[in-house]
file final20.tsv (TSV, C-alpha atoms)
chain	number	residue	atom	x	y	z
D	1	MET	CA	0.00	0.00	0.00
D	2	LYS	CA	2.82	2.39	0.86
D	3	SER	CA	4.39	1.79	-2.54
D	4	ILE	CA	1.13	2.61	-4.30
D	5	TYR	CA	0.71	5.78	-2.17
D	6	TYR	CA	4.20	7.04	-2.97
D	7	PHE	CA	3.71	6.24	-6.64
D	8	LEU	CA	0.48	8.24	-6.77
D	9	LEU	CA	2.03	11.15	-4.81
D	10	ALA	CA	5.02	11.29	-7.12
D	11	GLY	CA	2.70	11.31	-10.12
D	12	THR	CA	0.63	14.13	-8.66
D	13	LEU	CA	3.72	16.24	-7.95
D	14	ALA	CA	4.99	15.60	-11.44
D	15	MET	CA	1.69	16.79	-12.88
D	16	VAL	CA	1.78	19.95	-10.75
D	17	SER	CA	5.36	20.74	-11.68
D	18	CYS	CA	4.51	20.41	-15.34
D	19	GLU	CA	1.66	22.89	-15.20
D	20	PRO	CA	2.43	26.05	-17.18
D	21	ALA	CA	3.30	29.21	-15.26
D	22	ALA	CA	0.35	31.49	-14.58
D	23	ASP	CA	0.39	34.34	-17.10
D	24	VAL	CA	0.34	37.87	-15.74
D	25	VAL	CA	-2.69	39.74	-17.01
D	26	ALA	CA	-2.32	43.42	-17.91
D	27	PRO	CA	-4.35	45.67	-15.60
D	28	ASN	CA	-7.81	46.66	-16.76
D	29	PHE	CA	-7.47	50.13	-15.29
D	30	ASN	CA	-8.41	53.70	-16.10
D	31	VAL	CA	-8.52	56.98	-14.19
D	32	ARG	CA	-10.08	60.43	-14.51
D	33	PRO	CA	-10.28	63.57	-12.33
D	34	ALA	CA	-13.56	63.82	-10.42
D	35	ALA	CA	-13.89	67.51	-11.43
D	36	GLU	CA	-12.42	70.02	-13.85
D	37	SER	CA	-10.49	71.71	-11.06
D	38	PHE	CA	-9.89	71.46	-7.33
D	39	THR	CA	-8.88	73.77	-4.48
D	40	LEU	CA	-5.80	73.32	-2.35
D	41	GLU	CA	-7.90	72.68	0.72
D	42	GLU	CA	-10.12	69.96	-0.73
D	43	GLY	CA	-7.38	68.18	-2.68
D	44	ALA	CA	-7.61	66.47	-6.05
D	45	THR	CA	-9.80	63.37	-6.28
D	46	PHE	CA	-9.24	60.81	-9.01
D	47	GLU	CA	-11.85	58.19	-9.88
D	48	PHE	CA	-10.78	54.69	-10.87
D	49	GLU	CA	-12.31	52.24	-13.32
D	50	GLY	CA	-11.27	48.60	-13.17
D	51	THR	CA	-8.57	47.54	-10.77
D	52	ALA	CA	-4.96	46.47	-10.44
D	53	GLY	CA	-2.86	44.70	-7.86
D	54	LEU	CA	-0.50	47.65	-7.49
D	55	ILE	CA	-1.19	51.34	-8.05
D	56	SER	CA	1.36	54.15	-7.64
D	57	PHE	CA	1.02	57.86	-8.28
D	58	TYR	CA	3.30	60.55	-9.70
D	59	SER	CA	1.72	63.89	-8.79
D	60	GLY	CA	3.68	65.92	-11.34
D	61	GLU	CA	5.31	67.95	-8.56
D	62	LEU	CA	9.05	68.35	-8.15
D	63	TYR	CA	10.64	64.99	-7.24
D	64	HIS	CA	7.33	63.22	-8.02
D	65	ASP	CA	7.32	63.67	-11.81
D	66	TYR	CA	6.93	60.60	-14.04
D	67	GLU	CA	9.07	62.24	-16.73
D	68	PHE	CA	12.05	61.95	-14.37
D	69	LYS	CA	11.37	58.42	-13.12
D	70	ASP	CA	14.72	57.26	-14.54
D	71	GLY	CA	16.74	60.10	-13.02
D	72	ARG	CA	16.96	63.88	-12.72
D	73	ILE	CA	20.16	65.71	-13.70
D	74	ILE	CA	20.41	69.40	-12.87
D	75	GLU	CA	23.14	71.99	-13.23
D	76	ALA	CA	24.45	73.22	-9.89
D	77	GLY	CA	24.90	76.96	-9.49
D	78	THR	CA	26.25	78.89	-6.53
D	79	PHE	CA	27.38	76.97	-3.44
D	80	THR	CA	26.29	78.51	-0.14
D	81	LEU	CA	27.56	77.33	3.24
D	82	SER	CA	26.12	78.00	6.70
D	83	PHE	CA	26.32	76.49	10.19
D	84	ASN	CA	25.94	77.37	13.87
D	85	THR	CA	28.66	77.44	16.51
D	86	SER	CA	28.93	77.72	20.28
D	87	VAL	CA	32.02	77.84	22.48
D	88	GLN	CA	32.56	77.36	26.19
D	89	TYR	CA	35.22	76.90	28.87
D	90	GLY	CA	38.74	78.29	28.69
D	91	ASN	CA	39.91	81.47	26.99
D	92	GLN	CA	42.31	80.47	24.23
D	93	PRO	CA	41.51	82.51	21.06
D	94	ASP	CA	41.44	81.52	17.39
D	95	GLN	CA	41.18	77.79	17.91
D	96	LEU	CA	38.53	77.08	15.24
D	97	SER	CA	39.15	77.54	11.52
D	98	VAL	CA	36.99	76.92	8.46
D	99	LEU	CA	38.86	75.77	5.37
D	100	VAL	CA	38.18	74.45	1.85
D	101	SER	CA	40.30	72.42	-0.55
D	102	SER	CA	40.06	71.19	-4.13
D	103	ASP	CA	43.19	69.01	-4.06
D	104	PHE	CA	42.67	66.95	-0.91
D	105	ASP	CA	42.69	63.33	-2.12
D	106	GLY	CA	40.01	62.03	0.24
D	107	ASP	CA	42.43	59.98	2.35
D	108	TYR	CA	41.41	60.66	5.97
D	109	SER	CA	43.82	58.13	7.44
D	110	SER	CA	46.44	60.55	8.78
D	111	ILE	CA	46.97	64.17	9.73
D	112	GLU	CA	50.04	64.24	7.45
D	113	ASN	CA	47.90	63.46	4.44
D	114	VAL	CA	45.41	66.18	5.37
D	115	ARG	CA	48.18	68.74	5.82
D	116	ALA	CA	49.66	67.83	2.43
D	117	ALA	CA	46.62	69.28	0.65
D	118	THR	CA	46.20	72.97	-0.18
D	119	TRP	CA	43.59	74.51	2.13
D	120	SER	CA	42.11	78.00	1.82
D	121	ASP	CA	41.20	79.59	5.15
D	122	ILE	CA	37.76	81.24	4.95
D	123	THR	CA	37.13	81.61	8.67
D	124	ASP	CA	36.81	85.41	8.56
D	125	ARG	CA	33.78	85.15	6.26
D	126	PHE	CA	31.65	83.64	9.02
D	127	ALA	CA	30.28	84.85	12.33
D	128	LEU	CA	31.53	82.59	15.14
D	129	ALA	CA	30.24	82.25	18.69
D	130	THR	CA	31.83	83.99	21.65
D	131	ASN	CA	30.05	81.97	24.36
D	132	ALA	CA	27.85	78.90	24.87
D	133	THR	CA	24.90	80.42	22.99
D	134	TYR	CA	24.72	79.12	19.43
D	135	VAL	CA	25.41	81.77	16.78
D	136	GLU	CA	24.38	81.55	13.12
D	137	SER	CA	27.37	81.86	10.84
D	138	GLY	CA	25.47	83.56	8.04
D	139	ALA	CA	25.02	82.12	4.54
D	140	VAL	CA	28.31	82.51	2.67
D	141	ASP	CA	28.87	82.03	-1.06
D	142	ILE	CA	31.88	79.72	-1.57
D	143	THR	CA	31.38	79.13	-5.32
D	144	GLU	CA	34.75	80.70	-6.16
D	145	PHE	CA	36.50	77.68	-4.66
D	146	LEU	CA	34.88	75.22	-7.07
D	147	VAL	CA	37.36	73.89	-9.62
D	148	GLU	CA	36.01	72.16	-12.73
D	149	ASP	CA	36.19	68.36	-12.51
D	150	LYS	CA	37.71	68.53	-9.05
D	151	PRO	CA	36.13	67.85	-5.64
D	152	LEU	CA	35.48	70.48	-3.01
D	153	TYR	CA	36.10	69.51	0.62
D	154	ILE	CA	35.04	71.62	3.59
D	155	ALA	CA	36.84	71.32	6.92
D	156	PHE	CA	36.69	72.58	10.48
D	157	LYS	CA	40.12	72.67	12.09
D	158	TYR	CA	40.69	72.86	15.85
D	159	THR	CA	44.12	73.89	17.14
D	160	MET	CA	45.29	73.86	20.74
D	161	ARG	CA	48.43	75.88	21.47
D	162	ASP	CA	50.61	76.01	24.57
D	163	LYS	CA	48.16	77.04	27.29
D	164	THR	CA	50.91	78.64	29.35
D	165	VAL	CA	51.26	81.18	26.54
D	166	HIS	CA	47.84	81.31	24.86
D	167	GLY	CA	45.45	80.48	27.71
D	168	ASN	CA	43.29	77.46	28.52
D	169	PRO	CA	41.75	75.67	25.51
D	170	ARG	CA	38.05	75.96	24.74
D	171	GLN	CA	35.36	73.53	23.54
D	172	TRP	CA	33.66	74.31	20.24
D	173	ARG	CA	30.37	72.85	19.05
D	174	ILE	CA	29.06	72.98	15.49
D	175	ASN	CA	25.54	72.14	14.33
D	176	ASN	CA	23.03	72.98	11.57
D	177	PHE	CA	25.68	72.53	8.88
D	178	LEU	CA	24.05	73.25	5.52
D	179	LEU	CA	25.47	73.34	1.99
D	180	THR	CA	23.02	74.44	-0.69
D	181	SER	CA	23.11	75.22	-4.40
D	182	GLU	CA	20.93	77.46	-6.55
D	183	THR	CA	19.84	75.35	-9.50
D	184	SER	CA	17.28	75.36	-12.28
D	185	ILE	CA	14.74	73.86	-9.86
D	186	GLY	CA	15.48	76.32	-7.06
D	187	THR	CA	17.53	75.92	-3.90
D	188	THR	CA	18.81	72.37	-3.57
D	189	VAL	CA	20.30	70.97	-0.36
D	190	LEU	CA	23.61	69.30	-1.22
D	191	ALA	CA	24.31	68.26	2.37
D	192	ASP	CA	23.19	68.83	5.92
D	193	TYR	CA	24.89	67.90	9.18
D	194	LEU	CA	23.99	64.20	8.90
D	195	THR	CA	24.76	63.80	5.19
D	196	ALA	CA	27.95	65.86	4.95
D	197	GLY	CA	30.04	62.75	5.64
D	198	PHE	CA	32.32	64.27	8.26
D	199	GLU	CA	35.48	62.34	9.11
D	200	VAL	CA	37.49	63.33	12.20
D	201	VAL	CA	41.26	63.27	11.70
D	202	ASP	CA	43.27	63.59	14.93
D	203	LEU	CA	46.93	64.53	15.29
D	204	ASN	CA	47.34	62.01	18.09
D	205	PRO	CA	44.53	59.42	17.77
D	206	ASP	CA	46.29	56.53	19.46
D	207	GLY	CA	48.76	58.34	21.67
D	208	VAL	CA	48.54	59.65	25.19
D	209	ALA	CA	46.64	62.80	24.18
D	210	PRO	CA	43.82	62.14	21.67
D	211	THR	CA	41.38	65.05	21.55
D	212	ASN	CA	37.83	65.00	22.91
D	213	SER	CA	36.48	65.76	19.45
D	214	LEU	CA	33.46	63.74	18.32
D	215	TYR	CA	31.12	63.73	15.33
D	216	ASN	CA	27.39	62.99	15.40
D	217	LEU	CA	27.09	63.53	19.12
D	218	ASN	CA	23.39	64.44	19.56
D	219	ASN	CA	23.49	66.18	16.17
D	220	PHE	CA	26.47	68.38	16.85
D	221	LEU	CA	30.19	68.19	16.17
D	222	ARG	CA	32.36	68.69	19.24
D	223	MET	CA	35.94	69.88	18.86
D	224	ALA	CA	37.87	70.05	22.09
D	225	ALA	CA	41.28	69.47	23.66
D	226	PHE	CA	42.27	66.24	25.34
D	227	THR	CA	41.63	65.42	28.97
D	228	VAL	CA	44.72	66.24	30.98
D	229	THR	CA	46.27	63.28	32.83
D	230	PRO	CA	49.65	62.74	34.48
D	231	GLU	CA	50.71	60.91	31.31
D	232	ASN	CA	49.94	63.74	28.90
D	233	GLU	CA	50.29	66.92	30.94
D	234	HIS	CA	53.56	67.60	29.14
D	235	VAL	CA	51.75	67.83	25.75
D	236	LEU	CA	51.55	71.51	24.81
D	237	GLU	CA	49.82	71.45	21.43
D	238	THR	CA	47.39	69.36	19.42
D	239	GLU	CA	45.31	69.54	16.25
D	240	VAL	CA	42.17	67.88	14.91
D	241	TRP	CA	40.20	68.23	11.68
D	242	ALA	CA	36.60	67.40	10.76
D	243	ILE	CA	36.39	67.06	6.97
D	244	THR	CA	33.33	66.54	4.77
D	245	LYS	CA	32.95	64.20	1.84
D	246	ALA	CA	33.66	65.54	-1.66
D	247	PHE	CA	31.25	67.90	-3.42
D	248	TYR	CA	31.24	68.76	-7.11
D	249	GLY	CA	29.95	71.64	-9.19
D	250	GLY	CA	28.42	71.26	-12.64
D	251	ALA	CA	25.81	68.58	-13.24
D	252	VAL	CA	24.27	67.02	-10.14
D	253	ASP	CA	22.50	63.66	-10.26
D	254	MET	CA	19.45	63.98	-8.04
D	255	GLY	CA	18.43	60.38	-8.61
D	256	PRO	CA	15.02	59.26	-9.89
D	257	ASP	CA	11.78	60.98	-8.98
D	258	ARG	CA	9.70	58.73	-6.75
D	259	PRO	CA	6.03	57.71	-6.92
D	260	ILE	CA	3.59	57.65	-4.02
D	261	ALA	CA	2.19	54.24	-3.15
D	262	VAL	CA	-1.61	54.14	-3.51
D	263	LYS	CA	-2.50	50.44	-3.42
D	264	GLY	CA	-0.68	47.21	-2.64
D	265	ASN	CA	-1.48	43.65	-3.64
D	266	THR	CA	-3.19	42.87	-0.34
D	267	ASP	CA	-5.24	46.08	-0.21
D	268	GLN	CA	-8.92	46.15	-1.11
D	269	ARG	CA	-10.06	47.47	-4.47
D	270	LEU	CA	-10.16	51.28	-4.64
D	271	SER	CA	-12.75	53.34	-6.47
D	272	SER	CA	-10.99	56.69	-5.96
D	273	TYR	CA	-7.93	58.42	-4.54
D	274	THR	CA	-7.50	61.94	-3.13
D	275	TYR	CA	-4.18	63.80	-3.08
D	276	ILE	CA	-3.40	67.16	-1.43
D	277	TYR	CA	-1.14	69.39	-3.54
D	278	GLU	CA	1.08	71.95	-1.82
D	279	LYS	CA	0.77	74.72	-4.40
D	280	PRO	CA	-1.84	75.84	-6.96
D	281	GLY	CA	-1.13	75.16	-10.60
D	282	THR	CA	-1.73	72.77	-13.48
D	283	TYR	CA	-0.05	69.40	-13.08
D	284	THR	CA	0.48	66.42	-15.35
D	285	ALA	CA	-0.02	63.43	-13.09
D	286	HIS	CA	0.56	59.76	-13.86
D	287	PHE	CA	-0.90	56.62	-12.32
D	288	VAL	CA	1.08	53.41	-12.80
D	289	ALA	CA	-1.11	50.32	-12.41
D	290	ALA	CA	0.50	46.89	-12.35
D	291	ASN	CA	-0.23	43.22	-11.91
D	292	ALA	CA	2.72	41.10	-10.88
D	293	ASN	CA	3.69	37.68	-9.62
D	294	VAL	CA	6.87	35.62	-9.52
D	295	TYR	CA	6.60	35.00	-13.26
D	296	GLY	CA	6.41	38.59	-14.46
D	297	LYS	CA	4.81	41.99	-14.37
D	298	GLU	CA	2.43	43.93	-16.61
D	299	GLU	CA	1.87	47.70	-16.31
D	300	ALA	CA	-0.57	50.30	-17.55
D	301	VAL	CA	0.38	54.00	-17.29
D	302	LYS	CA	-2.43	56.55	-17.26
D	303	LYS	CA	-1.75	60.29	-17.67
D	304	VAL	CA	-4.16	62.92	-16.38
D	305	THR	CA	-4.04	66.71	-16.20
D	306	VAL	CA	-5.25	68.30	-12.99
D	307	THR	CA	-5.78	71.98	-12.12
D	308	ILE	CA	-5.38	73.15	-8.53
D	309	GLU	CA	-6.78	76.54	-7.60
D	310	PRO	CA	-5.90	78.58	-4.48
call {"tool": "encode", "arguments": {"input": "final20.tsv", "output": "structure tokens"}}
result
Amino acid sequence: MKSIYYFLLAGTLAMVSCEPAADVVAPNFNVRPAAESFTLEEGATFEFEGTAGLISFYSGELYHDYEFKDGRIIEAGTFTLSFNTSVQYGNQPDQLSVLVSSDFDGDYSSIENVRAATWSDITDRFALATNATYVESGAVDITEFLVEDKPLYIAFKYTMRDKTVHGNPRQWRINNFLLTSETSIGTTVLADYLTAGFEVVDLNPDGVAPTNSLYNLNNFLRMAAFTVTPENEHVLETEVWAITKAFYGGAVDMGPDRPIAVKGNTDQRLSSYTYIYEKPGTYTAHFVAANANVYGKEEAVKKVTVTIEP
């Protein structure tokens, strides 16, 4: 009996495995605006006919435009840098510098490599704190330091000199770092504090007097002297840098514009969808309907024009 059972089971499995893969059916889907125009407050409502397993929506707004689904390249214009600083403890002056370089090679492994690059000191272009209250640096145009086909690095440099001559060292904090560019689509953020890619390069990282400088400490960069101990009290000077990743002028790849998810495979059928636009205007929106399984995917793209009034 067992032999017969296994024979029948094997035959059944063989029949199942030989069944053709289920074809993916193209969505039977259409869409139209529920009215000729809409107000900002009420939002735009789109009515659906048919259905699809997946539905996504490109509103036609910046970064949600179907025409740029494969990528958006823009020309960068002016580079503007700003940040906030605070300083406390001690009294040693001129410890914090702001510098830029177009020939640093991106090797953060040693202070010697950092020093080998050509750095332009632009500290005097910014307002710096005089006490623990954060001070806005002001938005400063640094476009003149862009060199075609070369990277631009931005650095904060902290220097501690002999305290018997220059006074006790201070602790600097930097937050709200922002690098922007004026482009054809308006002001574009090239980097903020969390995306600037800061690397801390210490003069004495593994010795008796590494600095107390840290990056990404509760969203601020701390640059400070080392803690004095009997082993390092003879150390009179130190230096530490916090250097960003490379930035480039010219064309900037903003990546693809993204759709907004409207319906997933497990969601119930939808008869309509309402979207709130941020600004009045006339938009070319796209709905991408799709049916998909492990064997393939079929799409239907529907374009609609929608007018949003104030």
call {"tool": "residues_around", "arguments": {"input": "final20.tsv", "residues": "Ala191 (chain D)", "least_positions_apart": "3", "cutoff": "9 Å", "atoms": "all atoms listed in the file", "output": "PDB file with C-alpha atoms, in the coordinates of the input"}}
result
ATOM      1  CA  PHE D 177      25.680  72.530   8.880  1.00  0.00           C
ATOM      2  CA  LEU D 178      24.050  73.250   5.520  1.00  0.00           C
ATOM      3  CA  LEU D 179      25.470  73.340   1.990  1.00  0.00           C
ATOM      4  CA  THR D 180      23.020  74.440  -0.690  1.00  0.00           C
ATOM      5  CA  LEU D 194      23.990  64.200   8.900  1.00  0.00           C
ATOM      6  CA  THR D 195      24.760  63.800   5.190  1.00  0.00           C
ATOM      7  CA  ALA D 196      27.950  65.860   4.950  1.00  0.00           C
ATOM      8  CA  GLY D 197      30.040  62.750   5.640  1.00  0.00           C
TER       9      GLY D 197
END
call {"tool": "closest_residue", "arguments": {"input": "final20.tsv", "among": "D:Thr211, D:Ser37, D:Ser272, D:Thr227", "to": "Thr307 (chain D)", "atoms": "all atoms listed in the file"}}
result
D:Ser37
call {"tool": "atom_distance", "arguments": {"input": "final20.tsv", "atom1": "CA of Gln92 (chain D)", "atom2": "CA of Pro169 (chain D)"}}
result
5.0 Å
call {"tool": "residues_around", "arguments": {"input": "final20.tsv", "residues": "Gln95 (chain D)", "least_positions_apart": "5", "cutoff": "12 Å", "atoms": "all atoms listed in the file", "output": "mmCIF file with C-alpha atoms, in the coordinates of the input"}}
result
data_model
loop_
_atom_site.group_PDB
_atom_site.id
_atom_site.type_symbol
_atom_site.label_atom_id
_atom_site.label_comp_id
_atom_site.auth_asym_id
_atom_site.auth_seq_id
_atom_site.Cartn_x
_atom_site.Cartn_y
_atom_site.Cartn_z
ATOM 1 C CA VAL D 87 32.020 77.840 22.480
ATOM 2 C CA GLN D 88 32.560 77.360 26.190
ATOM 3 C CA GLY D 90 38.740 78.290 28.690
ATOM 4 C CA THR D 123 37.130 81.610 8.670
ATOM 5 C CA LEU D 128 31.530 82.590 15.140
ATOM 6 C CA ALA D 129 30.240 82.250 18.690
ATOM 7 C CA THR D 130 31.830 83.990 21.650
ATOM 8 C CA PHE D 156 36.690 72.580 10.480
ATOM 9 C CA LYS D 157 40.120 72.670 12.090
ATOM 10 C CA TYR D 158 40.690 72.860 15.850
ATOM 11 C CA THR D 159 44.120 73.890 17.140
ATOM 12 C CA MET D 160 45.290 73.860 20.740
ATOM 13 C CA ARG D 161 48.430 75.880 21.470
ATOM 14 C CA ASP D 162 50.610 76.010 24.570
ATOM 15 C CA LYS D 163 48.160 77.040 27.290
ATOM 16 C CA HIS D 166 47.840 81.310 24.860
ATOM 17 C CA GLY D 167 45.450 80.480 27.710
ATOM 18 C CA ASN D 168 43.290 77.460 28.520
ATOM 19 C CA PRO D 169 41.750 75.670 25.510
ATOM 20 C CA ARG D 170 38.050 75.960 24.740
ATOM 21 C CA GLN D 171 35.360 73.530 23.540
ATOM 22 C CA TRP D 172 33.660 74.310 20.240
ATOM 23 C CA ARG D 173 30.370 72.850 19.050
ATOM 24 C CA MET D 223 35.940 69.880 18.860
ATOM 25 C CA ALA D 224 37.870 70.050 22.090
ATOM 26 C CA ALA D 225 41.280 69.470 23.660
ATOM 27 C CA GLU D 237 49.820 71.450 21.430
ATOM 28 C CA THR D 238 47.390 69.360 19.420
ATOM 29 C CA GLU D 239 45.310 69.540 16.250
ATOM 30 C CA VAL D 240 42.170 67.880 14.910
ATOM 31 C CA TRP D 241 40.200 68.230 11.680
#
call {"tool": "residues_near_point", "arguments": {"input": "final20.tsv", "point": "(8.6, 72.2, -7.9)", "cutoff": "10 Å", "atoms": "only C-alpha atoms", "output": "list in words"}}
result
Gly60, Glu61, Leu62, Tyr63, His64, Asp65, Ile185, Gly186, Glu278 and Lys279 of chain D
call {"tool": "residues_around", "arguments": {"input": "final20.tsv", "residues": "region 114-117 of chain D", "least_positions_apart": "6", "cutoff": "7 Å", "atoms": "only C-alpha atoms", "output": "PyMOL selection string"}}
result
chain D and resi 103-104+108
call {"tool": "closest_residue", "arguments": {"input": "final20.tsv", "among": "D:Ser184, D:Tyr277, D:Val140, D:Ala209", "to": "Glu233 (chain D)", "atoms": "all atoms listed in the file"}}
result
D:Ala209
call {"tool": "atom_distance", "arguments": {"input": "final20.tsv", "atom1": "CA of Gly50 (chain D)", "atom2": "CA of Arg32 (chain D)"}}
result
12.0 Å
call {"tool": "closest_residue", "arguments": {"input": "final20.tsv", "among": "D:Lys302, D:Asn176, D:Ala34, D:Glu309", "to": "Asn216 (chain D)", "atoms": "all atoms listed in the file"}}
result
D:Asn176
call {"tool": "atom_distance", "arguments": {"input": "final20.tsv", "atom1": "CA of Glu67 (chain D)", "atom2": "CA of Val301 (chain D)"}}
result
12.0 Å
call {"tool": "residues_around", "arguments": {"input": "final20.tsv", "residues": "Pro210 (chain D)", "least_positions_apart": "4", "cutoff": "6 Å", "atoms": "all atoms listed in the file", "output": "list in words"}}
result
Asn204, Pro205 and Phe226 of chain D
call {"tool": "residues_around", "arguments": {"input": "final20.tsv", "residues": "Ala246 (chain D)", "least_positions_apart": "6", "cutoff": "9 Å", "atoms": "all atoms listed in the file", "output": "MDAnalysis selection string"}}
result
chainID D and resid 102 106 150:154 196:197
call {"tool": "closest_residue", "arguments": {"input": "final20.tsv", "among": "D:Asn91, D:Thr39, D:Asn30, D:Ser101", "to": "Ser271 (chain D)", "atoms": "all atoms listed in the file"}}
result
D:Asn30
call {"tool": "closest_residue", "arguments": {"input": "final20.tsv", "among": "D:Ala300, D:Met254, D:Ala52, D:Ala139", "to": "Asp70 (chain D)", "atoms": "only C-alpha atoms"}}
result
D:Met254
call {"tool": "closest_residue", "arguments": {"input": "final20.tsv", "among": "D:Tyr193, D:Phe57, D:Phe145, D:Phe83", "to": "Phe126 (chain D)", "atoms": "all atoms listed in the file"}}
result
D:Phe83
call {"tool": "build_atoms", "arguments": {"input": "final20.tsv", "residues": "region 168-188 of chain D", "atoms": "N, CA and C atoms", "output": "mmCIF file, keeping the file's coordinate frame"}}
result
data_model
loop_
_atom_site.group_PDB
_atom_site.id
_atom_site.type_symbol
_atom_site.label_atom_id
_atom_site.label_comp_id
_atom_site.auth_asym_id
_atom_site.auth_seq_id
_atom_site.Cartn_x
_atom_site.Cartn_y
_atom_site.Cartn_z
ATOM 1 N N ASN D 168 43.915 78.791 28.495
ATOM 2 C CA ASN D 168 43.290 77.460 28.520
ATOM 3 C C ASN D 168 42.465 77.210 27.268
ATOM 4 N N PRO D 169 42.509 75.996 26.730
ATOM 5 C CA PRO D 169 41.750 75.670 25.510
ATOM 6 C C PRO D 169 40.252 75.686 25.769
ATOM 7 N N ARG D 170 39.497 75.875 24.678
ATOM 8 C CA ARG D 170 38.050 75.960 24.740
ATOM 9 C C ARG D 170 37.416 74.756 24.036
ATOM 10 N N GLN D 171 36.113 74.586 24.217
ATOM 11 C CA GLN D 171 35.360 73.530 23.540
ATOM 12 C C GLN D 171 34.394 74.169 22.552
ATOM 13 N N TRP D 172 34.527 73.790 21.290
ATOM 14 C CA TRP D 172 33.660 74.310 20.240
ATOM 15 C C TRP D 172 32.626 73.265 19.848
ATOM 16 N N ARG D 173 31.420 73.729 19.555
ATOM 17 C CA ARG D 173 30.370 72.850 19.050
ATOM 18 C C ARG D 173 29.805 73.456 17.756
ATOM 19 N N ILE D 174 29.543 72.568 16.802
ATOM 20 C CA ILE D 174 29.060 72.980 15.490
ATOM 21 C C ILE D 174 27.811 72.171 15.158
ATOM 22 N N ASN D 175 26.732 72.850 14.797
ATOM 23 C CA ASN D 175 25.540 72.140 14.330
ATOM 24 C C ASN D 175 24.892 72.898 13.171
ATOM 25 N N ASN D 176 23.783 72.368 12.676
ATOM 26 C CA ASN D 176 23.030 72.980 11.570
ATOM 27 C C ASN D 176 23.892 73.273 10.351
ATOM 28 N N PHE D 177 24.876 72.403 10.096
ATOM 29 C CA PHE D 177 25.680 72.530 8.880
ATOM 30 C C PHE D 177 24.763 72.392 7.672
ATOM 31 N N LEU D 178 24.913 73.298 6.700
ATOM 32 C CA LEU D 178 24.050 73.250 5.520
ATOM 33 C C LEU D 178 24.814 73.770 4.306
ATOM 34 N N LEU D 179 24.877 72.943 3.269
ATOM 35 C CA LEU D 179 25.470 73.340 1.990
ATOM 36 C C LEU D 179 24.387 73.256 0.930
ATOM 37 N N THR D 180 24.092 74.393 0.305
ATOM 38 C CA THR D 180 23.020 74.440 -0.690
ATOM 39 C C THR D 180 23.551 74.961 -2.021
ATOM 40 N N SER D 181 22.761 74.730 -3.068
ATOM 41 C CA SER D 181 23.110 75.220 -4.400
ATOM 42 C C SER D 181 21.871 75.773 -5.076
ATOM 43 N N GLU D 182 22.023 76.904 -5.747
ATOM 44 C CA GLU D 182 20.930 77.460 -6.550
ATOM 45 C C GLU D 182 20.966 76.795 -7.913
ATOM 46 N N THR D 183 19.890 76.111 -8.250
ATOM 47 C CA THR D 183 19.840 75.350 -9.500
ATOM 48 C C THR D 183 18.607 75.748 -10.303
ATOM 49 N N SER D 184 18.422 75.076 -11.420
ATOM 50 C CA SER D 184 17.280 75.360 -12.280
ATOM 51 C C SER D 184 15.954 75.014 -11.611
ATOM 52 N N ILE D 185 15.973 74.214 -10.568
ATOM 53 C CA ILE D 185 14.740 73.860 -9.860
ATOM 54 C C ILE D 185 14.646 74.568 -8.512
ATOM 55 N N GLY D 186 15.507 75.569 -8.307
ATOM 56 C CA GLY D 186 15.480 76.320 -7.060
ATOM 57 C C GLY D 186 16.630 75.933 -6.149
ATOM 58 N N THR D 187 16.478 76.224 -4.871
ATOM 59 C CA THR D 187 17.530 75.920 -3.900
ATOM 60 C C THR D 187 17.529 74.434 -3.580
ATOM 61 N N THR D 188 18.677 73.802 -3.802
ATOM 62 C CA THR D 188 18.810 72.370 -3.570
ATOM 63 C C THR D 188 19.787 72.139 -2.422
#
